[in-house]
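Enquirer: Got a structure for you, entry_1.cif, holding mmCIF, C-alpha atoms and all ligand atoms.
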data_final
#
loop_
_atom_site.label_atom_id
_atom_site.label_comp_id
_atom_site.auth_asym_id
_atom_site.auth_seq_id
_atom_site.Cartn_x
_atom_site.Cartn_y
_atom_site.Cartn_z
CA MET A 116 23.12 -27.54 -2.22
CA ALA A 117 23.11 -30.75 -4.26
CA LYS A 118 20.62 -32.19 -1.79
CA ILE A 119 18.08 -29.57 -2.88
CA GLY A 120 16.41 -31.04 -5.93
CA ALA A 121 18.58 -34.17 -5.78
CA THR A 122 17.59 -36.83 -8.33
CA SER A 123 17.80 -40.57 -7.76
CA ALA A 124 20.60 -40.91 -10.33
CA GLY A 125 22.88 -38.44 -8.53
CA GLY A 126 21.97 -35.27 -10.37
CA VAL A 127 19.96 -32.18 -9.55
CA GLU A 128 16.65 -30.86 -10.80
CA ARG A 129 16.25 -27.27 -9.69
CA LEU A 130 14.34 -25.54 -12.45
CA THR A 131 14.13 -21.79 -12.20
CA LEU A 132 11.42 -20.26 -9.97
CA THR A 133 10.26 -23.63 -8.63
CA ASP A 134 10.07 -24.62 -4.96
CA THR A 135 13.52 -26.20 -5.14
CA ASP A 136 14.98 -22.99 -6.59
CA LYS A 137 13.38 -21.13 -3.68
CA GLN A 138 14.81 -23.55 -1.11
CA ALA A 139 18.30 -23.20 -2.56
CA ARG A 140 17.95 -19.40 -2.70
CA ASP A 141 16.85 -19.31 0.95
CA LEU A 142 19.92 -21.33 1.96
CA PHE A 143 22.16 -19.10 -0.15
CA VAL A 144 20.75 -15.94 1.48
CA LYS A 145 21.29 -17.51 4.93
CA TRP A 146 24.93 -18.12 4.04
CA LEU A 147 25.30 -14.54 2.78
CA GLU A 148 23.90 -13.22 6.04
CA ARG A 149 26.25 -15.44 8.03
CA LEU A 150 29.13 -13.70 6.25
CA ASP A 151 27.60 -10.32 7.20
CA LEU A 152 27.13 -9.38 3.58
CA GLU A 153 24.65 -6.69 2.61
CA VAL A 154 21.96 -8.66 0.77
CA ARG A 155 19.91 -7.16 -2.04
CA ILE A 156 17.27 -8.80 -4.20
CA ASP A 157 16.23 -7.00 -7.34
CA GLU A 158 12.99 -7.08 -9.33
CA MET A 159 14.34 -9.95 -11.46
CA GLY A 160 15.09 -12.02 -8.37
CA ASN A 161 18.85 -11.60 -8.82
CA ILE A 162 20.51 -11.95 -5.40
CA PHE A 163 23.54 -9.83 -4.55
CA GLY A 164 25.69 -9.95 -1.42
CA LYS A 165 28.12 -7.10 -0.88
CA ARG A 166 31.22 -7.02 1.31
CA VAL A 167 32.47 -3.50 2.04
CA GLY A 168 35.84 -2.34 0.74
CA LYS A 169 38.39 0.02 2.28
CA ASN A 170 37.33 2.48 -0.37
CA ASP A 171 33.68 1.61 -0.59
CA ALA A 172 32.93 4.27 -3.19
CA LEU A 173 34.94 2.36 -5.79
CA ALA A 174 33.18 0.05 -8.25
CA PRO A 175 33.12 -3.49 -6.83
CA VAL A 176 34.65 -6.69 -8.13
CA MET A 177 31.80 -9.07 -8.79
CA SER A 178 31.61 -12.84 -9.14
CA GLY A 179 28.97 -15.53 -9.14
CA SER A 180 26.83 -17.66 -11.43
CA HIS A 181 23.47 -19.40 -11.10
CA ILE A 182 21.59 -21.71 -8.73
CA ASP A 183 19.00 -22.99 -11.23
CA SER A 184 19.57 -26.21 -13.18
CA GLN A 185 18.39 -28.15 -16.18
CA PRO A 186 15.72 -30.84 -15.81
CA LYS A 187 17.70 -33.89 -14.69
CA GLY A 188 20.80 -31.73 -14.65
CA GLY A 189 24.09 -31.98 -12.80
CA ARG A 190 25.44 -30.93 -9.40
CA PHE A 191 28.03 -28.49 -10.76
CA ASP A 192 26.61 -26.37 -13.59
CA GLY A 193 26.16 -22.88 -12.20
CA ILE A 194 26.23 -23.71 -8.53
CA LEU A 195 30.01 -24.31 -8.60
CA GLY A 196 30.51 -20.63 -9.45
CA VAL A 197 28.13 -19.55 -6.69
CA MET A 198 29.72 -21.80 -4.07
CA GLY A 199 33.22 -20.95 -5.36
CA SER A 200 32.54 -17.25 -4.88
CA LEU A 201 31.13 -17.91 -1.43
CA GLU A 202 34.22 -19.93 -0.54
CA VAL A 203 36.41 -17.06 -1.74
CA LEU A 204 34.52 -14.54 0.39
CA GLN A 205 34.70 -16.80 3.43
CA THR A 206 38.44 -17.32 2.92
CA ILE A 207 38.98 -13.57 2.67
CA ASP A 208 36.97 -13.17 5.87
CA GLU A 209 38.81 -15.88 7.78
CA ASN A 210 42.10 -14.25 6.87
CA ASN A 211 40.89 -10.82 8.00
CA ILE A 212 41.64 -9.33 4.61
CA LYS A 213 40.19 -5.92 3.83
CA THR A 214 40.13 -5.37 0.11
CA MET A 215 40.41 -1.90 -1.40
CA ARG A 216 37.34 -2.39 -3.59
CA PRO A 217 34.07 -3.83 -2.35
CA LEU A 218 33.26 -7.39 -3.42
CA VAL A 219 29.88 -8.55 -4.66
CA ILE A 220 28.66 -12.14 -5.01
CA VAL A 221 25.69 -12.77 -7.30
CA ASN A 222 23.13 -15.44 -8.14
CA TRP A 223 21.50 -14.61 -11.49
CA THR A 224 17.88 -15.68 -12.07
CA ASN A 225 17.04 -18.21 -14.79
CA GLU A 226 20.38 -18.78 -16.45
CA GLU A 227 19.22 -22.05 -17.99
CA GLY A 228 16.21 -20.93 -20.01
CA SER A 229 14.86 -24.46 -19.99
CA ARG A 230 11.63 -23.73 -18.12
CA PHE A 231 11.21 -20.13 -19.28
CA ALA A 232 12.95 -19.23 -22.56
CA PRO A 233 15.23 -17.48 -23.15
CA ALA A 234 18.25 -18.11 -20.92
CA MET A 235 20.36 -15.65 -18.91
CA VAL A 236 17.42 -13.30 -18.36
CA GLY A 237 18.48 -12.08 -14.90
CA SER A 238 21.78 -10.76 -16.17
CA GLY A 239 20.20 -9.79 -19.51
CA VAL A 240 17.70 -7.41 -17.91
CA TRP A 241 20.28 -6.14 -15.42
CA ALA A 242 22.62 -5.35 -18.33
CA SER A 243 19.78 -3.58 -20.25
CA ALA A 244 20.02 -6.14 -23.06
CA LEU A 245 16.53 -7.56 -22.43
CA GLU A 246 13.25 -5.85 -21.53
CA ARG A 247 12.03 -6.64 -18.04
CA ASP A 248 8.36 -6.74 -19.00
CA TRP A 249 8.99 -9.04 -21.94
CA VAL A 250 10.77 -11.47 -19.63
CA TYR A 251 7.99 -11.13 -17.03
CA SER A 252 5.47 -12.17 -19.68
CA ARG A 253 7.22 -15.38 -20.73
CA ILE A 254 5.16 -18.53 -20.18
CA ASP A 255 6.35 -22.06 -19.38
CA ARG A 256 4.91 -25.14 -21.04
CA ASN A 257 2.28 -25.52 -18.31
CA GLY A 258 1.03 -21.97 -18.78
CA TYR A 259 2.71 -20.40 -15.73
CA LEU A 260 3.82 -16.80 -16.09
CA PHE A 261 7.41 -15.86 -15.20
CA VAL A 262 6.43 -12.89 -13.05
CA ASP A 263 3.80 -14.90 -11.14
CA GLU A 264 6.30 -17.62 -10.34
CA LEU A 265 8.92 -15.06 -9.28
CA GLU A 266 6.34 -13.51 -6.95
CA ARG A 267 5.15 -16.89 -5.70
CA ILE A 268 8.59 -18.01 -4.51
CA GLY A 269 9.05 -14.63 -2.79
CA TYR A 270 11.94 -13.36 -4.87
CA ARG A 271 10.41 -10.44 -6.75
CA GLY A 272 12.53 -7.83 -5.02
CA SER A 273 12.00 -4.09 -5.05
CA VAL A 274 15.43 -2.94 -6.20
CA PRO A 275 15.41 -2.05 -9.93
CA ALA A 276 17.27 -4.58 -12.09
CA ARG A 277 19.58 -1.99 -13.56
CA LYS A 278 23.31 -2.15 -14.12
CA TRP A 279 25.74 -0.23 -11.93
CA PRO A 280 29.47 0.27 -12.41
CA VAL A 281 31.44 -2.95 -11.92
CA HIS A 282 35.24 -2.95 -11.97
CA ALA A 283 35.59 -6.60 -13.03
CA TYR A 284 33.34 -9.65 -13.28
CA TYR A 285 34.58 -13.22 -12.88
CA GLU A 286 32.47 -16.31 -13.42
CA TYR A 287 33.79 -19.66 -12.29
CA HIS A 288 32.17 -22.65 -14.05
CA ILE A 289 32.67 -26.21 -15.18
CA GLU A 290 33.77 -26.49 -18.80
CA GLN A 291 30.81 -28.66 -19.86
CA GLY A 292 32.84 -30.06 -22.73
CA PRO A 293 35.72 -32.50 -23.38
CA VAL A 294 38.67 -30.19 -24.13
CA LEU A 295 40.38 -29.69 -20.75
CA GLU A 296 40.26 -33.37 -19.87
CA ARG A 297 41.53 -34.39 -23.30
CA GLU A 298 44.42 -31.92 -23.13
CA GLY A 299 45.30 -32.84 -19.54
CA MET A 300 44.61 -29.30 -18.30
CA VAL A 301 43.23 -28.21 -14.94
CA VAL A 302 42.09 -24.67 -15.74
CA GLY A 303 40.51 -23.14 -18.83
CA ALA A 304 40.39 -19.43 -19.60
CA PRO A 305 37.84 -18.85 -22.36
CA LYS A 306 38.57 -15.91 -24.65
CA GLY A 307 34.81 -15.56 -24.92
CA ILE A 308 31.46 -17.21 -25.59
CA VAL A 309 29.90 -18.26 -28.90
CA CYS A 310 26.75 -16.57 -30.20
CA LEU A 311 23.44 -18.15 -29.24
CA HIS A 312 20.36 -18.09 -31.49
CA TRP A 313 17.09 -19.59 -30.26
CA TYR A 314 14.00 -20.17 -32.40
CA ASP A 315 10.55 -21.58 -31.66
CA ILE A 316 8.69 -23.33 -34.48
CA TYR A 317 4.93 -23.91 -34.47
CA LEU A 318 3.27 -26.16 -37.03
CA ARG A 319 -0.37 -26.93 -37.72
CA GLY A 320 -1.65 -30.08 -39.42
CA GLU A 321 -4.95 -31.86 -39.81
CA ALA A 322 -5.92 -34.40 -37.15
CA ASN A 323 -7.76 -37.54 -38.15
CA GLN A 324 -8.29 -41.23 -37.34
CA VAL A 325 -5.09 -43.02 -38.38
CA GLY A 326 -6.83 -46.19 -39.62
CA PRO A 327 -9.44 -45.10 -42.17
CA THR A 328 -7.48 -42.02 -43.39
CA PRO A 329 -5.46 -42.79 -46.56
CA MET A 330 -1.78 -41.80 -46.61
CA ALA A 331 -2.29 -39.57 -49.63
CA GLY A 332 -3.54 -36.12 -48.75
CA ARG A 333 -2.56 -36.18 -45.07
CA HIS A 334 -1.27 -33.07 -43.32
CA ASP A 335 0.80 -34.67 -40.60
CA ALA A 336 2.48 -31.94 -38.54
CA LEU A 337 4.84 -34.40 -36.82
CA CYS A 338 6.16 -35.67 -40.16
CA ALA A 339 6.77 -32.10 -41.28
CA ALA A 340 8.66 -31.49 -38.04
CA ALA A 341 10.67 -34.70 -38.50
CA GLU A 342 11.88 -33.53 -41.90
CA MET A 343 12.77 -30.12 -40.48
CA ILE A 344 14.66 -31.60 -37.52
CA LEU A 345 16.93 -33.58 -39.84
CA LYS A 346 17.62 -30.36 -41.77
CA VAL A 347 18.82 -28.86 -38.47
CA ASN A 348 21.04 -31.85 -37.83
CA ILE A 349 22.83 -31.63 -41.21
CA LEU A 350 23.10 -27.82 -41.13
CA PRO A 351 26.62 -27.72 -39.54
CA GLU A 352 27.93 -30.12 -42.17
CA LYS A 353 26.59 -27.82 -44.90
CA THR A 354 27.83 -24.54 -43.41
CA GLY A 355 31.20 -25.72 -42.08
CA GLY A 356 33.10 -23.80 -39.43
CA ASP A 357 32.40 -24.34 -35.74
CA LEU A 358 28.60 -24.18 -36.05
CA VAL A 359 26.45 -26.51 -33.95
CA ALA A 360 22.67 -26.83 -34.32
CA THR A 361 20.23 -28.71 -32.13
CA VAL A 362 16.56 -29.46 -31.65
CA GLY A 363 16.19 -30.30 -27.96
CA GLU A 364 12.52 -29.82 -27.23
CA ILE A 365 9.34 -30.88 -28.97
CA GLN A 366 5.66 -30.97 -28.09
CA ASN A 367 3.35 -33.08 -30.18
CA TYR A 368 -0.45 -32.77 -29.98
CA PRO A 369 -2.72 -34.48 -29.26
CA ASN A 370 0.05 -37.08 -28.76
CA SER A 371 -2.09 -40.14 -29.26
CA ARG A 372 -0.89 -43.15 -31.24
CA ASN A 373 -4.09 -43.28 -33.27
CA ILE A 374 -4.54 -39.62 -34.16
CA ILE A 375 -2.64 -37.86 -36.95
CA PRO A 376 -0.74 -35.04 -35.14
CA ASP A 377 -2.14 -31.58 -35.85
CA LYS A 378 -0.02 -29.33 -33.66
CA ILE A 379 3.72 -29.21 -33.02
CA HIS A 380 6.10 -26.95 -31.20
CA PHE A 381 9.84 -27.49 -31.39
CA THR A 382 12.93 -25.45 -30.64
CA VAL A 383 16.11 -24.73 -32.60
CA ASP A 384 19.42 -23.76 -30.99
CA ILE A 385 22.25 -22.52 -33.26
CA ARG A 386 25.70 -21.51 -31.97
CA SER A 387 28.99 -20.38 -33.44
CA TRP A 388 31.85 -17.98 -32.72
CA ASP A 389 30.94 -16.45 -36.09
CA ASP A 390 27.66 -14.50 -35.77
CA ARG A 391 27.39 -14.09 -39.55
CA LEU A 392 27.75 -17.81 -40.16
CA ALA A 393 24.97 -18.48 -37.62
CA GLN A 394 22.75 -15.91 -39.35
CA GLN A 395 23.39 -17.35 -42.81
CA ALA A 396 22.73 -20.86 -41.52
CA TRP A 397 19.42 -19.71 -40.07
CA ASN A 398 18.42 -17.98 -43.30
CA SER A 399 18.91 -21.17 -45.29
CA LEU A 400 17.21 -23.28 -42.61
CA ARG A 401 14.25 -20.94 -42.56
CA ASN A 402 13.88 -21.33 -46.32
CA SER A 403 13.87 -25.10 -46.10
CA PHE A 404 11.36 -25.02 -43.22
CA GLU A 405 9.03 -22.92 -45.36
CA GLU A 406 9.44 -25.25 -48.32
CA ILE A 407 8.66 -28.34 -46.21
CA ALA A 408 5.66 -26.68 -44.54
CA ASP A 409 4.31 -25.63 -47.91
CA ARG A 410 4.81 -29.01 -49.57
CA ARG A 411 3.15 -30.86 -46.70
CA GLY A 412 0.30 -28.37 -46.29
CA CYS A 413 1.25 -27.64 -42.68
CA PRO A 414 1.13 -23.90 -41.89
CA ILE A 415 4.22 -22.74 -40.01
CA ARG A 416 4.82 -19.93 -37.54
CA ILE A 417 8.38 -19.05 -36.61
CA GLU A 418 9.37 -17.07 -33.52
CA GLU A 419 12.88 -15.68 -33.53
CA THR A 420 13.04 -15.89 -29.77
CA TRP A 421 16.54 -14.86 -28.76
CA ARG A 422 19.91 -13.81 -30.07
CA VAL A 423 23.07 -13.06 -28.18
CA ALA A 424 26.10 -12.09 -30.25
CA HIS A 425 29.37 -13.86 -29.50
CA SER A 426 31.24 -12.10 -26.72
CA ARG A 427 34.97 -11.56 -26.53
CA PHE A 428 36.13 -11.23 -22.94
CA ASP A 429 38.52 -8.61 -21.63
CA ALA A 430 42.02 -9.67 -22.78
CA GLN A 431 43.68 -8.40 -19.61
CA LEU A 432 41.33 -10.29 -17.30
CA VAL A 433 41.66 -13.48 -19.33
CA GLN A 434 45.45 -13.15 -19.02
CA ARG A 435 45.03 -12.57 -15.28
CA VAL A 436 43.22 -15.90 -14.98
CA LEU A 437 45.99 -17.65 -16.94
CA ASP A 438 48.66 -15.97 -14.81
CA ALA A 439 46.90 -16.96 -11.58
CA ALA A 440 46.75 -20.56 -12.78
CA GLN A 441 50.43 -20.48 -13.69
CA ASP A 442 51.45 -18.97 -10.33
CA LEU A 443 49.56 -21.77 -8.58
CA GLY A 444 51.08 -24.45 -10.82
CA TYR A 445 47.89 -25.50 -12.61
CA PRO A 446 48.24 -26.32 -16.32
CA ALA A 447 45.91 -23.90 -18.10
CA LEU A 448 44.50 -23.46 -21.57
CA ARG A 449 43.02 -20.59 -23.56
CA MET A 450 39.79 -21.78 -25.19
CA VAL A 451 36.27 -20.84 -26.32
CA SER A 452 33.05 -21.41 -24.38
CA GLY A 453 30.40 -23.24 -26.34
CA ALA A 454 27.98 -22.92 -23.44
CA GLY A 455 26.08 -19.75 -22.68
CA HIS A 456 26.77 -17.93 -19.41
CA ASP A 457 25.65 -14.77 -17.65
CA ALA A 458 29.22 -13.62 -18.30
CA SER A 459 28.06 -12.98 -21.87
CA TYR A 460 25.74 -10.18 -20.76
CA MET A 461 28.12 -9.03 -18.01
CA ASN A 462 30.76 -8.59 -20.68
CA GLN A 463 28.57 -5.81 -22.13
CA VAL A 464 28.73 -3.96 -18.79
CA ALA A 465 32.16 -4.63 -17.30
CA PRO A 466 35.53 -6.24 -18.06
CA THR A 467 34.74 -9.94 -17.76
CA ALA A 468 36.53 -13.28 -17.67
CA MET A 469 35.69 -16.87 -16.79
CA ILE A 470 37.51 -19.73 -15.10
CA PHE A 471 36.77 -23.26 -16.30
CA VAL A 472 37.60 -26.60 -14.68
CA PRO A 473 37.31 -30.00 -16.40
CA SER A 474 34.07 -31.92 -16.77
CA ILE A 475 34.70 -35.64 -16.37
CA GLY A 476 34.06 -37.37 -19.70
CA GLY A 477 32.97 -33.97 -21.08
CA ARG A 478 29.45 -34.64 -19.77
CA SER A 479 27.14 -31.82 -18.64
CA HIS A 480 23.42 -31.01 -18.43
CA VAL A 481 23.09 -34.65 -17.32
CA GLU A 482 22.89 -36.33 -13.94
CA VAL A 483 26.36 -37.88 -14.23
CA GLU A 484 27.93 -34.43 -14.61
CA ASN A 485 31.03 -34.50 -12.42
CA THR A 486 34.28 -32.70 -11.64
CA LEU A 487 37.16 -33.78 -9.36
CA TRP A 488 37.12 -31.97 -6.02
CA THR A 489 40.82 -31.19 -6.49
CA ASP A 490 39.91 -29.42 -9.74
CA CYS A 491 37.08 -27.54 -8.00
CA GLU A 492 39.62 -26.40 -5.42
CA ALA A 493 42.04 -25.33 -8.15
CA GLY A 494 39.39 -23.23 -9.88
CA ALA A 495 38.41 -21.57 -6.60
CA ASN A 496 42.05 -20.74 -5.89
CA VAL A 497 42.36 -19.12 -9.32
CA LEU A 498 39.15 -17.19 -8.63
CA LEU A 499 40.49 -16.02 -5.26
CA ARG A 500 43.77 -14.78 -6.77
CA SER A 501 42.05 -13.05 -9.66
CA ILE A 502 39.51 -11.33 -7.40
CA LEU A 503 42.18 -10.15 -4.94
CA LYS A 504 44.23 -8.71 -7.78
CA SER A 505 41.29 -6.82 -9.29
CA ALA A 506 40.10 -5.66 -5.87
CA ALA A 507 43.48 -4.08 -5.15
CA GLU A 508 43.46 -2.00 -8.34
CA ALA A 509 43.01 1.74 -8.00
C1 LIG A 601 23.33 -22.85 -20.92
O1 LIG A 601 23.20 -23.73 -20.07
C2 LIG A 601 23.49 -23.18 -22.30
O2 LIG A 601 22.48 -23.54 -22.94
O3 LIG A 601 24.62 -23.16 -22.79
MN MN A 602 25.75 -22.75 -16.25
MN MN A 603 23.50 -24.96 -17.98
#
Write the structure described by the file as structure tokens, please.
Ligand code: GLV
Ligand code: MN
Ligand code: MN

Expert:
Amino acid sequence: MAKIGATSAGGVERLTLTDTDKQARDLFVKWLERLDLEVRIDEMGNIFGKRVGKNDALAPVMSGSHIDSQPKGGRFDGILGVMGSLEVLQTIDENNIKTMRPLVIVNWTNEEGSRFAPAMVGSGVWASALERDWVYSRIDRNGYLFVDELERIGYRGSVPARKWPVHAYYEYHIEQGPVLEREGMVVGAPKGIVCLHWYDIYLRGEANQVGPTPMAGRHDALCAAAEMILKVNILPEKTGGDLVATVGEIQNYPNSRNIIPDKIHFTVDIRSWDDRLAQQAWNSLRNSFEEIADRRGCPIRIEETWRVAHSRFDAQLVQRVLDAAQDLGYPALRMVSGAGHDASYMNQVAPTAMIFVPSIGGRSHVEVENTLWTDCEAGANVLLRSILKSAAEA
């Protein structure tokens, strides 16, 4: 899989609904068919593979993650949970195990949200948290429409993207942070995921020749944005708690060294376990944005693009993950996920838990993203145990 979209520095670039996403999906579907799974593709491009259970009428145990990546991303984010689930299904097959409940493996469309904002839209629509047609109408920075790209790569399926009963959902993932490595742990069991707030800021200025135009009286949209971006950076210090706030994307127009910028788009990402703290932080940030825009004579438009409340996973399933790790002799830690995952939306539909393994140096969303193969194996073993336990439940 890491060969599809491989970058020269050892990472992966497999942005959602691109040709590389399609190639990886095709390979995934081939592997599902090789395991004789019943493959379904829904109208969001989510791919499901079902293995029958002894009592096939029972709600299935589901697991999976995502195939798409960040631009210049890593080889593990998302795909580890997809390949881990596949490995579990293959192991169950090789050992001729018939589970009581059916098992379903899933690849969710556009978990990353980097090409088309917001993130986690495949699971979000499936869970009825997001509107399908709103997601279809999202546009990337080159003007491509989500639904057109979904159609183009051949993954706009006919099955409605609508939730069905799920007995338990497990998502296996790299930690993407420094905690497990620092604590010398092999497995992490997050109690849940922080809230995610995404905003898109649009500024207008007045373009002009940079030489003859005096400094006084300029309406430089990039300078207004610069001031705003530093407000974002100091926000966590002001609010306290576990809040993090980031500007990761900016477009500057016309982007010429000798024209005063007259059009800016930038993004704001705010996260915390405390939804109210994130909301208060945004309220104060919004006020300072408006003050800066006003003072600099740069009209502002703010889109409140996306909000997902923090999610607290099912206590019993989280304990099951910790117990499985303990039975297998892997040191394990209860923690919080600062990264967003489809598990956040799945948690609104079914009892959900995640399994984390360490990220070397705490690096993720970068090409050097790495995890020891022995840790990958450990996480997959914990996933296998947890799935078997849930699949045996009446
Ligand atoms: C998902 O990759 C996130 O932004 O946490
Ligand atoms: Mn991920
Ligand atoms: Mn990611």

Enquirer: Using only C-alpha atoms, find all polymer residues with an atom at most 12 Å away from the point (11.3, -21.5, -20.7); report them as a PyMOL selection string.

Expert: chain A and resi 130-132+185-186+225-236+250-261+313+315+364+382+420-421

Enquirer: Could I get the residue neighbourhood of ligand LIG 601 (chain A) at 12 Å, counting all atoms listed in the file, as a tab-separated table (two decimals) with C-alpha atoms, keeping the file's coordinate frame?

Expert:
chain	number	residue	atom	x	y	z
A	130	LEU	CA	14.34	-25.54	-12.45
A	180	SER	CA	26.83	-17.66	-11.43
A	181	HIS	CA	23.47	-19.40	-11.10
A	182	ILE	CA	21.59	-21.71	-8.73
A	183	ASP	CA	19.00	-22.99	-11.23
A	184	SER	CA	19.57	-26.21	-13.18
A	185	GLN	CA	18.39	-28.15	-16.18
A	186	PRO	CA	15.72	-30.84	-15.81
A	188	GLY	CA	20.80	-31.73	-14.65
A	189	GLY	CA	24.09	-31.98	-12.80
A	191	PHE	CA	28.03	-28.49	-10.76
A	192	ASP	CA	26.61	-26.37	-13.59
A	193	GLY	CA	26.16	-22.88	-12.20
A	194	ILE	CA	26.23	-23.71	-8.53
A	225	ASN	CA	17.04	-18.21	-14.79
A	226	GLU	CA	20.38	-18.78	-16.45
A	227	GLU	CA	19.22	-22.05	-17.99
A	228	GLY	CA	16.21	-20.93	-20.01
A	229	SER	CA	14.86	-24.46	-19.99
A	230	ARG	CA	11.63	-23.73	-18.12
A	232	ALA	CA	12.95	-19.23	-22.56
A	233	PRO	CA	15.23	-17.48	-23.15
A	234	ALA	CA	18.25	-18.11	-20.92
A	235	MET	CA	20.36	-15.65	-18.91
A	236	VAL	CA	17.42	-13.30	-18.36
A	288	HIS	CA	32.17	-22.65	-14.05
A	289	ILE	CA	32.67	-26.21	-15.18
A	290	GLU	CA	33.77	-26.49	-18.80
A	291	GLN	CA	30.81	-28.66	-19.86
A	292	GLY	CA	32.84	-30.06	-22.73
A	308	ILE	CA	31.46	-17.21	-25.59
A	309	VAL	CA	29.90	-18.26	-28.90
A	310	CYS	CA	26.75	-16.57	-30.20
A	311	LEU	CA	23.44	-18.15	-29.24
A	312	HIS	CA	20.36	-18.09	-31.49
A	313	TRP	CA	17.09	-19.59	-30.26
A	359	VAL	CA	26.45	-26.51	-33.95
A	360	ALA	CA	22.67	-26.83	-34.32
A	361	THR	CA	20.23	-28.71	-32.13
A	363	GLY	CA	16.19	-30.30	-27.96
A	383	VAL	CA	16.11	-24.73	-32.60
A	384	ASP	CA	19.42	-23.76	-30.99
A	385	ILE	CA	22.25	-22.52	-33.26
A	386	ARG	CA	25.70	-21.51	-31.97
A	387	SER	CA	28.99	-20.38	-33.44
A	423	VAL	CA	23.07	-13.06	-28.18
A	452	SER	CA	33.05	-21.41	-24.38
A	453	GLY	CA	30.40	-23.24	-26.34
A	454	ALA	CA	27.98	-22.92	-23.44
A	455	GLY	CA	26.08	-19.75	-22.68
A	456	HIS	CA	26.77	-17.93	-19.41
A	457	ASP	CA	25.65	-14.77	-17.65
A	458	ALA	CA	29.22	-13.62	-18.30
A	459	SER	CA	28.06	-12.98	-21.87
A	479	SER	CA	27.14	-31.82	-18.64
A	480	HIS	CA	23.42	-31.01	-18.43
A	481	VAL	CA	23.09	-34.65	-17.32

Enquirer: Work out how far CA of Arg140 in chain A is from CA of Ile475 in chain A, in Å to one decimal.

Expert: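 Here the two named atoms are 27.0 Å from each other.
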
Enquirer: Within 9 Å of range 485-497 of chain A, counting all atoms listed in the file, which residues qualify if same-chain residues fewer than 2 places away don't, as a count of residues only?

Expert: 37

Enquirer: Hey, what's within 9 Å of Val219 in chain A if we count all atoms listed in the file and toss same-chain stuff fewer than 4 positions away? As a list of chain:residue names, please?

Expert: A:Leu152, A:Phe163, A:Gly164, A:Lys165, A:Arg166, A:Val167, A:Pro175, A:Val176, A:Met177, A:Ser178, A:Gly179

Enquirer: Any chance you can output those residues with C-alpha atoms as a PDB file, in the coordinates of the input?

Expert:
ATOM      1  CA  LEU A 152      27.130  -9.380   3.580  1.00  0.00           C
ATOM      2  CA  PHE A 163      23.540  -9.830  -4.550  1.00  0.00           C
ATOM      3  CA  GLY A 164      25.690  -9.950  -1.420  1.00  0.00           C
ATOM      4  CA  LYS A 165      28.120  -7.100  -0.880  1.00  0.00           C
ATOM      5  CA  ARG A 166      31.220  -7.020   1.310  1.00  0.00           C
ATOM      6  CA  VAL A 167      32.470  -3.500   2.040  1.00  0.00           C
ATOM      7  CA  PRO A 175      33.120  -3.490  -6.830  1.00  0.00           C
ATOM      8  CA  VAL A 176      34.650  -6.690  -8.130  1.00  0.00           C
ATOM      9  CA  MET A 177      31.800  -9.070  -8.790  1.00  0.00           C
ATOM     10  CA  SER A 178      31.610 -12.840  -9.140  1.00  0.00           C
ATOM     11  CA  GLY A 179      28.970 -15.530  -9.140  1.00  0.00           C
TER      12      GLY A 179
END

Enquirer: Rounded to one decimal place, report the CA of Thr224 in chain A-CA of Tyr270 in chain A distance in Å.

Expert: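 CA of Tyr270 in chain A lies at a distance of 9.6 Å from CA of Thr224 in chain A.
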
Enquirer: Expressed in Å to a single decimal, how great is the separation between CA of His282 in chain A and CA of Ser505 in chain A?

Expert: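 Pair CA of His282 in chain A / CA of Ser505 in chain A returns 7.7 Å.
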
Enquirer: Using all atoms listed in the file, which of the listed residues (A:Val197, A:Ile212, A:Ala322, A:Val281) sits closest to ligand MN 602 (chain A)?

Expert: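 Of all the options, A:Val197 lies closest to ligand MN 602 (chain A).
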
Enquirer: Have a look at A:Ala276, A:Leu350, A:Val325, A:Ala283 and name the one nearest to Asn462 in chain A; count only C-alpha atoms.

Expert: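 Checking each of A:Ala276, A:Leu350, A:Val325, A:Ala283 against Asn462 in chain A, counting only C-alpha atoms, the winner is A:Ala283.
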
Enquirer: From the list A:Cys338, A:Thr135, A:Lys187, A:Tyr284, which residue is nearest ligand MN 603 (chain A) when using only C-alpha atoms and all ligand atoms?

Expert: A:Lys187

Enquirer: From the list A:Glu286, A:Lys118, A:Asp389, A:Tyr368, which residue is nearest ligand MN 602 (chain A) when using all atoms listed in the file?

Expert: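 Checking each of A:Glu286, A:Lys118, A:Asp389, A:Tyr368 against ligand MN 602 (chain A), counting all atoms listed in the file, the winner is A:Glu286.
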
Enquirer: Can you tell me, as a PyMOL selection string, what residues are no more than 9 Å from range 369-380 of chain A when counting only C-alpha atoms, ignoring any on the same chain fewer than 2 positions away?

Expert: chain A and resi 315-326+333-338+340+364-367+382+413

Enquirer: Measuring between only C-alpha atoms and all ligand atoms, which one of A:Leu400, A:Met469, A:Leu345, A:Ala507 shows the shortest distance to ligand MN 602 (chain A)?

Expert: A:Met469
